[in-house]
Amino acid sequence: MAQRRFNALPGFGLTFGFTLFYLGALVLVPFAALIIKTCQLSWADFWHLATTSRALAAYRLTFGASLVAAVANALFGTLLAWVLVRYEFPGRRIIDAMIDFPFALPTAVAGLTLASLFGPNGWFGRYLLPVGINGAYTPLGVVIALTFVGLPFAVRTLQPVLENLEREVEEAAATLGAGRLRTFVTILAPSLLPAVLTGFALAFARAIGEYGSIVFISGNIPFKTEIAPQLIFIRLEEYDYSGAIALAVVLLVFSFLLLAAINVLEQWAAKFQH
Amino acid sequence: MPGTPKRQLLAGRAASRRGTEEPPFIKWLLILLALAFALVFLLLPLANVFVQALAKGWSVYIASLTHPDSRAAIRLTLLVAAISVPLNVLFGLAAAWAIAKFEFRWKSLLITLIDLPFSVSPVVAGLMFVVLFGLQGFFGKWLQAHDIQIIFAVPGIVLATVFITFPFVARELIPVMQATGAEQEQAALTLGANGWQTFWHVTLPSVKWGLIYGIILCNARAMGEFGAVSVVSGHIAGQTNTMPLQVDKLYNEYNTAAAFAVASLLALLALLTLALKTFLEWQQAHEYEKAQKPVVDSPSTIN
């Protein structure tokens, strides 16, 4: 059975056993607990709890804002990856290192500083508010926070693909008389597309579950700026376990569908990287 | 005839640049756009943390950080990281050893399960532990009868943090260990080393950068986790508030300067994480280059 290939090495039983035990105790048991509790609800109850009008408004905001933020990440992530890989300019290495900043910064701090920047006295808010752009306590604020959080996923997925791209193919296209725009559209874009889509999906998946960075900037107004994870939190504070669980299951199912899509995309992207 | 050979050559170069590079004004436009985006979304949010933290002067800053509740939050955050990071390092090493050095069925399923916590919303992760250990949860009655508190107490915070940071170390180590294969370990065993010696002297040095990388990321997330910890903590100031929760509490009390003061420590942690990460990547590239370079003869031996 196991150990067939490298059977001289010791420690399989110990490490495999510990891995299964640790995984089971800390991840699978909590999952199972949630699933069992869900199964104890009748279908009618579950449907009722998962589709209250307040829940529907929360899904709409969560999925809508995540989608908009993921599109923004795909666009700006591609721009940043392209500029960082292809051009030399002062400050390039600092920007490159800073791309991971949203990933390293605790979400609560991200939410705090963004809320302050876009608030009425903030560095951005004081200029944006007079022209009618309100980033604090609005759905726009949710999009801003999610764009911040998702940026590293989009850039870091595309960057290695761009680095490994063979310049010879572009040179060949140029030699054959293609202009730069035509080379980009017909040669570069198709080979970058899978990575851009993977980055988009990763940013989207991250945005769906995001909580910390949003609660500061959104104001959590029911039906208007309340995201699904926030509503789960409120249900728990009301000791409405069933309500919290029903919402959580909807989020989980969606996350897993997205995860499956990301796997397909990554396999597709791998085909383009020999 | 289009001129001298030199001019032909220059014209040819310009044509090939036209084909493989963007015109300068597009290039600089793209760079400017990227810099503007980085300024608005990366640099100014970071700068704002420190400016706001010091807006009322150093004395208020220091007073905010030395407040008993803040000190308790810092202690708790350090404690939680000190428990959860080593646990996940131990798990990461064990999982990577089993997965990278041996063949078994359902391996890809196991790898998928290890990644599972990444795809769960932090709030849902916290909810899972409430369902298990909360008063209405599976073990709630039993825990109450034995006077053990997990939810709204430190054990719950540790459990939620371990869950959220679960994949970090394993995820970095598995590909690195897979890439090094098992030949070196087998050679060590053939030469008479035992299993532990092989692990300490052969495996660990070959994966050290990946391991440190994983630890840094795991630690940053452990200290900064908000959603999952927020669900299980109960928000008791001075007792179950970690630093991110303390930031939230101060912000809700409109004590902005103090909220930013505590947040500035977390931002420093993020900067330190980035610096170490960049250093490690540089170090790895350097070692890789050294390994690629052919051994250079010392000048004295030639001629």
# chains A, B, ... in the order shown; residues from 1 in each chain; ligands from 1
>>> residues_around(residues="B:Ala257", least_positions_apart="2", cutoff="12 Å", atoms="only C-alpha atoms", output="number ranges by chain")
A: 112-113, 116; B: 48-65, 247, 250-255, 259-264
>>> interface_residues(of="chain B", to="chain A", cutoff="6 Å", atoms="only C-alpha atoms", output="list of chain:residue names")
B:Gly19, B:Thr20, B:Ala34, B:Pro45, B:Val49, B:Ala94, B:Ala95, B:Ala98, B:Phe102, B:Glu103, B:Phe104, B:Ser121, B:Val124, B:Met128, B:Gly195, B:Gly224, B:Phe226, B:Gly227, B:Pro244, B:Ala263, B:Ala270
>>> select_by_dssp(residues="stretch 113-236 of chain A", states="alpha helix (DSSP H)", output="PyMOL selection string")
chain A and resi 113-118+125-128+139-164+167-175+180-183+189-209+212-218+228-236
>>> closest_residue(among="A:Val196, A:Ala58, A:Gly135, A:Thr51", to="A:Phe153", atoms="only C-alpha atoms")
A:Val196
>>> residues_around(residues="stretch 159-175 of chain B", least_positions_apart="3", cutoff="7 Å", atoms="only C-alpha atoms", output="PyMOL selection string")
(chain A and resi 26-27) or (chain B and resi 84+88-89+92-93+95-96+100+114-115+117+125-126+155-156+178-179+210-211+214-215+217-218+221-222+225+228-229)
>>> write_last_selection(atoms="C-alpha atoms", output="CSV table (one decimal), in the first residue's frame")
chain,number,residue,atom,x,y,z
A,26,LEU,CA,-9.0,21.0,14.2
A,27,VAL,CA,-10.7,21.2,10.8
B,84,SER,CA,-0.8,28.5,17.6
B,88,ASN,CA,1.0,24.7,13.0
B,89,VAL,CA,4.8,24.4,12.4
B,92,GLY,CA,3.3,21.5,8.6
B,93,LEU,CA,6.5,19.5,9.1
B,95,ALA,CA,2.3,16.8,6.8
B,96,ALA,CA,5.0,17.8,4.4
B,100,ALA,CA,6.4,14.7,0.0
B,114,ILE,CA,-5.3,21.0,4.3
B,115,ASP,CA,-6.2,24.0,2.2
B,117,PRO,CA,-9.5,26.7,6.0
B,125,ALA,CA,-14.8,29.5,11.1
B,126,GLY,CA,-15.5,31.2,14.5
B,155,PRO,CA,-8.9,28.5,24.5
B,156,GLY,CA,-11.5,29.5,22.0
B,178,GLN,CA,8.6,17.6,-3.0
B,179,ALA,CA,11.1,19.4,-5.1
B,210,GLY,CA,10.5,27.7,2.9
B,211,LEU,CA,9.9,26.9,6.6
B,214,GLY,CA,5.8,29.8,6.2
B,215,ILE,CA,6.4,30.8,9.9
B,217,LEU,CA,3.2,34.4,7.2
B,218,CYS,CA,1.6,32.2,9.8
B,221,ARG,CA,-2.0,36.1,10.3
B,222,ALA,CA,-2.1,34.7,13.8
B,225,GLU,CA,-6.7,37.7,12.8
B,228,ALA,CA,-12.8,34.4,13.6
B,229,VAL,CA,-11.4,35.6,16.9
>>> atom_distance(atom1="atom CA of B:Leu265", atom2="atom CA of B:Phe37")
25.0 Å
>>> atom_distance(atom1="atom CA of A:Leu192", atom2="atom CA of A:Ala65")
24.8 Å
>>> closest_residue(among="A:Ala246, A:Pro130, A:Gly64, A:Ala260", to="A:Thr52", atoms="only C-alpha atoms")
A:Ala246
>>> closest_residue(among="B:His201, B:Gln239, B:Thr112, B:Glu287", to="A:Asn263", atoms="only C-alpha atoms")
B:Thr112
>>> atom_distance(atom1="atom CA of A:Thr138", atom2="atom CA of A:Glu226")
9.6 Å
